[in-house]
>>> print(open('upload38.pdb').read())   # PDB, C-alpha atoms and all ligand atoms
ATOM      1  CA  MET A 127      67.912 159.899  62.304
ATOM      2  CA  GLU A 128      70.786 160.701  59.959
ATOM      3  CA  GLU A 129      71.191 159.708  56.312
ATOM      4  CA  LYS A 130      74.528 158.993  54.627
ATOM      5  CA  ASN A 131      75.122 158.414  50.941
ATOM      6  CA  LEU A 132      77.963 156.391  49.538
ATOM      7  CA  ILE A 133      78.840 154.465  46.403
ATOM      8  CA  CYS A 134      79.487 150.751  46.628
ATOM      9  CA  ILE A 135      82.984 150.022  45.282
ATOM     10  CA  ASN A 136      82.658 146.245  45.101
ATOM     11  CA  CYS A 137      81.838 146.052  41.404
ATOM     12  CA  PRO A 138      81.567 148.325  38.346
ATOM     13  CA  MET A 139      77.834 148.896  38.856
ATOM     14  CA  GLY A 140      78.680 151.386  41.603
ATOM     15  CA  CYS A 141      75.279 151.335  43.306
ATOM     16  CA  MET A 142      74.363 154.491  45.217
ATOM     17  CA  LEU A 143      73.709 153.442  48.794
ATOM     18  CA  THR A 144      71.636 155.338  51.320
ATOM     19  CA  VAL A 145      72.291 154.431  54.914
ATOM     20  CA  THR A 146      70.010 155.514  57.712
ATOM     21  CA  MET A 147      71.748 155.810  61.081
ATOM     22  CA  GLN A 148      70.729 156.655  64.571
ATOM     23  CA  GLU A 149      73.508 157.594  66.974
ATOM     24  CA  ARG A 150      76.192 155.613  65.095
ATOM     25  CA  GLU A 151      73.925 152.580  64.741
ATOM     26  CA  ILE A 152      72.974 151.529  61.219
ATOM     27  CA  ILE A 153      69.219 151.155  60.878
ATOM     28  CA  THR A 154      68.765 150.516  57.135
ATOM     29  CA  VAL A 155      70.827 150.240  53.960
ATOM     30  CA  GLU A 156      69.009 150.938  50.680
ATOM     31  CA  GLY A 157      70.011 151.173  47.036
ATOM     32  CA  ASN A 158      72.154 148.060  46.984
ATOM     33  CA  THR A 159      71.503 145.563  44.211
ATOM     34  CA  CYS A 160      73.064 142.673  46.107
ATOM     35  CA  LYS A 161      74.021 141.706  49.647
ATOM     36  CA  ARG A 162      77.645 142.783  49.159
ATOM     37  CA  GLY A 163      76.505 146.388  49.011
ATOM     38  CA  GLU A 164      74.908 146.177  52.433
ATOM     39  CA  ILE A 165      77.985 144.472  53.888
ATOM     40  CA  TYR A 166      80.203 147.161  52.360
ATOM     41  CA  ALA A 167      78.079 150.020  53.722
ATOM     42  CA  ARG A 168      78.006 148.571  57.235
ATOM     43  CA  LYS A 169      81.776 148.037  57.255
ATOM     44  CA  GLU A 170      82.583 151.387  55.625
ATOM     45  CA  LEU A 171      80.637 153.317  58.235
ATOM     46  CA  THR A 172      81.808 151.377  61.279
ATOM     47  CA  ASP A 173      85.270 149.935  60.495
ATOM     48  CA  PRO A 174      86.571 151.154  57.108
ATOM     49  CA  THR A 175      89.544 149.226  55.736
ATOM     50  CA  ARG A 176      91.496 149.092  52.473
ATOM     51  CA  ILE A 177      94.020 146.980  50.609
ATOM     52  CA  VAL A 178      97.051 149.217  49.978
ATOM     53  CA  THR A 179      98.838 148.964  46.622
ATOM     54  CA  SER A 180     102.040 150.820  45.890
ATOM     55  CA  THR A 181     105.576 150.404  44.551
ATOM     56  CA  VAL A 182     108.965 150.007  46.217
ATOM     57  CA  ARG A 183     112.420 150.793  44.858
ATOM     58  CA  VAL A 184     114.648 147.854  43.890
ATOM     59  CA  ARG A 185     118.453 147.757  43.862
ATOM     60  CA  GLY A 186     120.334 145.476  41.486
ATOM     61  CA  GLY A 187     117.326 144.362  39.486
ATOM     62  CA  CYS A 188     116.210 144.433  35.858
ATOM     63  CA  ASP A 189     113.490 146.881  37.008
ATOM     64  CA  HIS A 190     113.963 149.776  39.388
ATOM     65  CA  MET A 191     110.553 149.353  41.034
ATOM     66  CA  VAL A 192     108.414 146.465  42.203
ATOM     67  CA  SER A 193     104.660 146.580  42.751
ATOM     68  CA  VAL A 194     103.466 145.593  46.220
ATOM     69  CA  LYS A 195     100.247 145.251  48.205
ATOM     70  CA  THR A 196      99.138 144.617  51.732
ATOM     71  CA  LYS A 197      98.406 140.952  52.391
ATOM     72  CA  GLU A 198      95.116 141.933  54.030
ATOM     73  CA  ASP A 199      92.999 145.034  54.555
ATOM     74  CA  VAL A 200      94.409 147.708  56.875
ATOM     75  CA  PRO A 201      92.434 150.404  58.719
ATOM     76  CA  LYS A 202      91.659 153.241  56.296
ATOM     77  CA  GLU A 203      93.402 155.820  58.499
ATOM     78  CA  LYS A 204      96.660 153.809  58.199
ATOM     79  CA  VAL A 205      96.761 153.780  54.384
ATOM     80  CA  LEU A 206      98.930 156.902  54.036
ATOM     81  CA  ASP A 207     101.267 155.733  56.804
ATOM     82  CA  CYS A 208     101.804 152.486  54.902
ATOM     83  CA  VAL A 209     102.529 154.339  51.649
ATOM     84  CA  ARG A 210     104.976 156.671  53.406
ATOM     85  CA  ALA A 211     106.797 153.730  55.015
ATOM     86  CA  LEU A 212     107.158 152.069  51.615
ATOM     87  CA  LYS A 213     108.745 155.200  50.135
ATOM     88  CA  GLU A 214     111.552 154.880  52.705
ATOM     89  CA  ILE A 215     112.782 151.424  51.745
ATOM     90  CA  ILE A 216     114.815 149.813  48.960
ATOM     91  CA  VAL A 217     114.775 146.061  48.444
ATOM     92  CA  GLU A 218     117.522 143.981  46.876
ATOM     93  CA  ALA A 219     116.836 141.960  43.731
ATOM     94  CA  PRO A 220     115.840 139.263  43.070
ATOM     95  CA  VAL A 221     112.252 139.747  44.206
ATOM     96  CA  ARG A 222     109.672 137.000  43.771
ATOM     97  CA  ILE A 223     105.901 137.342  43.798
ATOM     98  CA  GLY A 224     104.726 136.897  47.381
ATOM     99  CA  ASP A 225     108.030 137.895  49.001
ATOM    100  CA  VAL A 226     107.404 139.833  52.211
ATOM    101  CA  ILE A 227     108.692 143.351  51.572
ATOM    102  CA  MET A 228     107.694 144.772  54.949
ATOM    103  CA  GLU A 229     106.275 143.198  58.092
ATOM    104  CA  ASN A 230     103.836 144.977  60.391
ATOM    105  CA  ALA A 231     103.382 147.901  58.002
ATOM    106  CA  ALA A 232     102.780 151.134  59.951
ATOM    107  CA  GLY A 233     102.036 149.115  63.067
ATOM    108  CA  THR A 234      98.992 147.442  61.533
ATOM    109  CA  GLY A 235     100.257 143.895  62.017
ATOM    110  CA  VAL A 236      99.799 143.357  58.269
ATOM    111  CA  SER A 237     102.641 142.391  55.932
ATOM    112  CA  ILE A 238     103.281 143.924  52.535
ATOM    113  CA  VAL A 239     104.147 141.505  49.741
ATOM    114  CA  ALA A 240     105.531 141.794  46.228
ATOM    115  CA  THR A 241     103.058 141.362  43.367
ATOM    116  CA  LYS A 242     105.670 141.244  40.631
ATOM    117  CA  GLU A 243     108.928 139.459  39.973
ATOM    118  CA  VAL A 244     112.148 141.423  39.524
ATOM    119  CA  LYS A 245     115.164 139.440  38.354
ATOM    120  CA  GLN A 246     118.699 140.209  39.466
ATOM    121  CA  VAL A 247     121.085 141.688  36.892
TER     122      VAL A 247
HETATM  123  S1  LIG B   1      75.620 146.539  45.649
HETATM  124 FE1  LIG B   1      76.234 144.707  44.562
HETATM  125  S2  LIG B   1      75.739 145.176  42.418
HETATM  126 FE2  LIG B   1      75.769 147.145  43.516
HETATM  127  S3  LIG B   1      77.888 147.922  43.271
HETATM  128 FE3  LIG B   1      77.801 146.780  45.203
HETATM  129  S4  LIG B   1      78.487 144.741  44.638
HETATM  130 FE4  LIG B   1      77.902 145.741  42.752
END
>>> encode(input="upload38.pdb", output="structure tokens", more="lines below")
Ligand code: SF4
Amino acid sequence: MEEKNLICINCPMGCMLTVTMQEREIITVEGNTCKRGEIYARKELTDPTRIVTSTVRVRGGCDHMVSVKTKEDVPKEKVLDCVRALKEIIVEAPVRIGDVIMENAAGTGVSIVATKEVKQV
């Protein structure tokens, strides 16, 4: 048996979770105050994913940057690849909230969308 400790990131309570595993199989999750903590621990230890938030440069807009995020979770090991890919691009103003800034970010199949509006100047 192996024990892993992690902190639930689903709400500000930040419950300390203790997960007991046997050969990659999760046996118990303890320390969670609600069911979301158990779901988080199981996912984090078997298939960790994240929403990526970042910024992208804008040309011809009233702001030089626009905030963006992945439309869905991406595998945790692809987060840095997504951020690096976003550093390489410049979008043209105007940008509207929800505009697709990049499709299939870092080969994840997930799009990256704008979370802010940038008007054209
Ligand atoms: S287990 Fe529930 S109460 Fe505790 S941090 Fe996670 S979401 Fe919040």
>>> residues_near_ligand(input="upload38.pdb", ligand="ligand LIG 1 (chain B)", cutoff="6 Å", atoms="all atoms listed in the file", output="list of chain:residue names")
A:Cys134, A:Ile135, A:Asn136, A:Cys137, A:Met139, A:Gly140, A:Cys141, A:Asn158, A:Thr159, A:Cys160, A:Arg162, A:Gly163
>>> write_last_selection(input="upload38.pdb", atoms="C-alpha atoms", output="compact mmCIF listing (two decimals), in the coordinates of the input")
# COMPACT_ATOMS: atom_id res chain seq x y z
CA CYS A 134 79.49 150.75 46.63
CA ILE A 135 82.98 150.02 45.28
CA ASN A 136 82.66 146.24 45.10
CA CYS A 137 81.84 146.05 41.40
CA MET A 139 77.83 148.90 38.86
CA GLY A 140 78.68 151.39 41.60
CA CYS A 141 75.28 151.34 43.31
CA ASN A 158 72.15 148.06 46.98
CA THR A 159 71.50 145.56 44.21
CA CYS A 160 73.06 142.67 46.11
CA ARG A 162 77.64 142.78 49.16
CA GLY A 163 76.50 146.39 49.01
>>> resolve_selection(input="upload38.pdb", expression="the PyMOL selection byres (((chain A and resi 220-230) around 7) and not hetatm)", output="list of chain:residue names")
A:Gly187, A:Glu218, A:Ala219, A:Ala231, A:Ala232, A:Gly233, A:Thr234, A:Gly235, A:Val236, A:Ser237, A:Ile238, A:Val239, A:Ala240, A:Thr241, A:Lys242, A:Glu243, A:Val244, A:Lys245, A:Gln246
>>> resolve_selection(input="upload38.pdb", expression="the PyMOL selection byres (((chain A and resi 171) around 10) and not hetatm)", output="ChimeraX atom specification")
/A:130,132,145,147,150-152,166-170,172-174
>>> residues_around(input="upload38.pdb", residues="Val155 of chain A", least_positions_apart="2", cutoff="7 Å", atoms="all atoms listed in the file", output="ChimeraX atom specification")
/A:143-146,164
>>> axis_aligned_box(input="upload38.pdb", around="segment 143-154 of chain A", padding_each_side="6 Å", output="lines of an AutoDock Vina configuration file")
center_x = 72.5
center_y = 154.1
center_z = 57.9
size_x = 19.4
size_y = 19.1
size_z = 30.2
>>> atom_distance(input="upload38.pdb", atom1="atom CA of Ile153 of chain A", atom2="atom CA of Ile177 of chain A")
27.2 Å
>>> atom_distance(input="upload38.pdb", atom1="atom CA of Glu156 of chain A", atom2="atom CA of Lys204 of chain A")
28.8 Å
>>> atom_distance(input="upload38.pdb", atom1="atom CA of Asp199 of chain A", atom2="atom CA of Lys161 of chain A")
19.9 Å
>>> resolve_selection(input="upload38.pdb", expression="the PyMOL selection byres (((chain A and resi 202) around 8) and not hetatm)", output="PDB file with C-alpha atoms, in the coordinates of the input")
ATOM      1  CA  PRO A 174      86.571 151.154  57.108  1.00  0.00           C
ATOM      2  CA  THR A 175      89.544 149.226  55.736  1.00  0.00           C
ATOM      3  CA  ARG A 176      91.496 149.092  52.473  1.00  0.00           C
ATOM      4  CA  VAL A 200      94.409 147.708  56.875  1.00  0.00           C
ATOM      5  CA  PRO A 201      92.434 150.404  58.719  1.00  0.00           C
ATOM      6  CA  GLU A 203      93.402 155.820  58.499  1.00  0.00           C
ATOM      7  CA  LYS A 204      96.660 153.809  58.199  1.00  0.00           C
ATOM      8  CA  VAL A 205      96.761 153.780  54.384  1.00  0.00           C
TER       9      VAL A 205
END
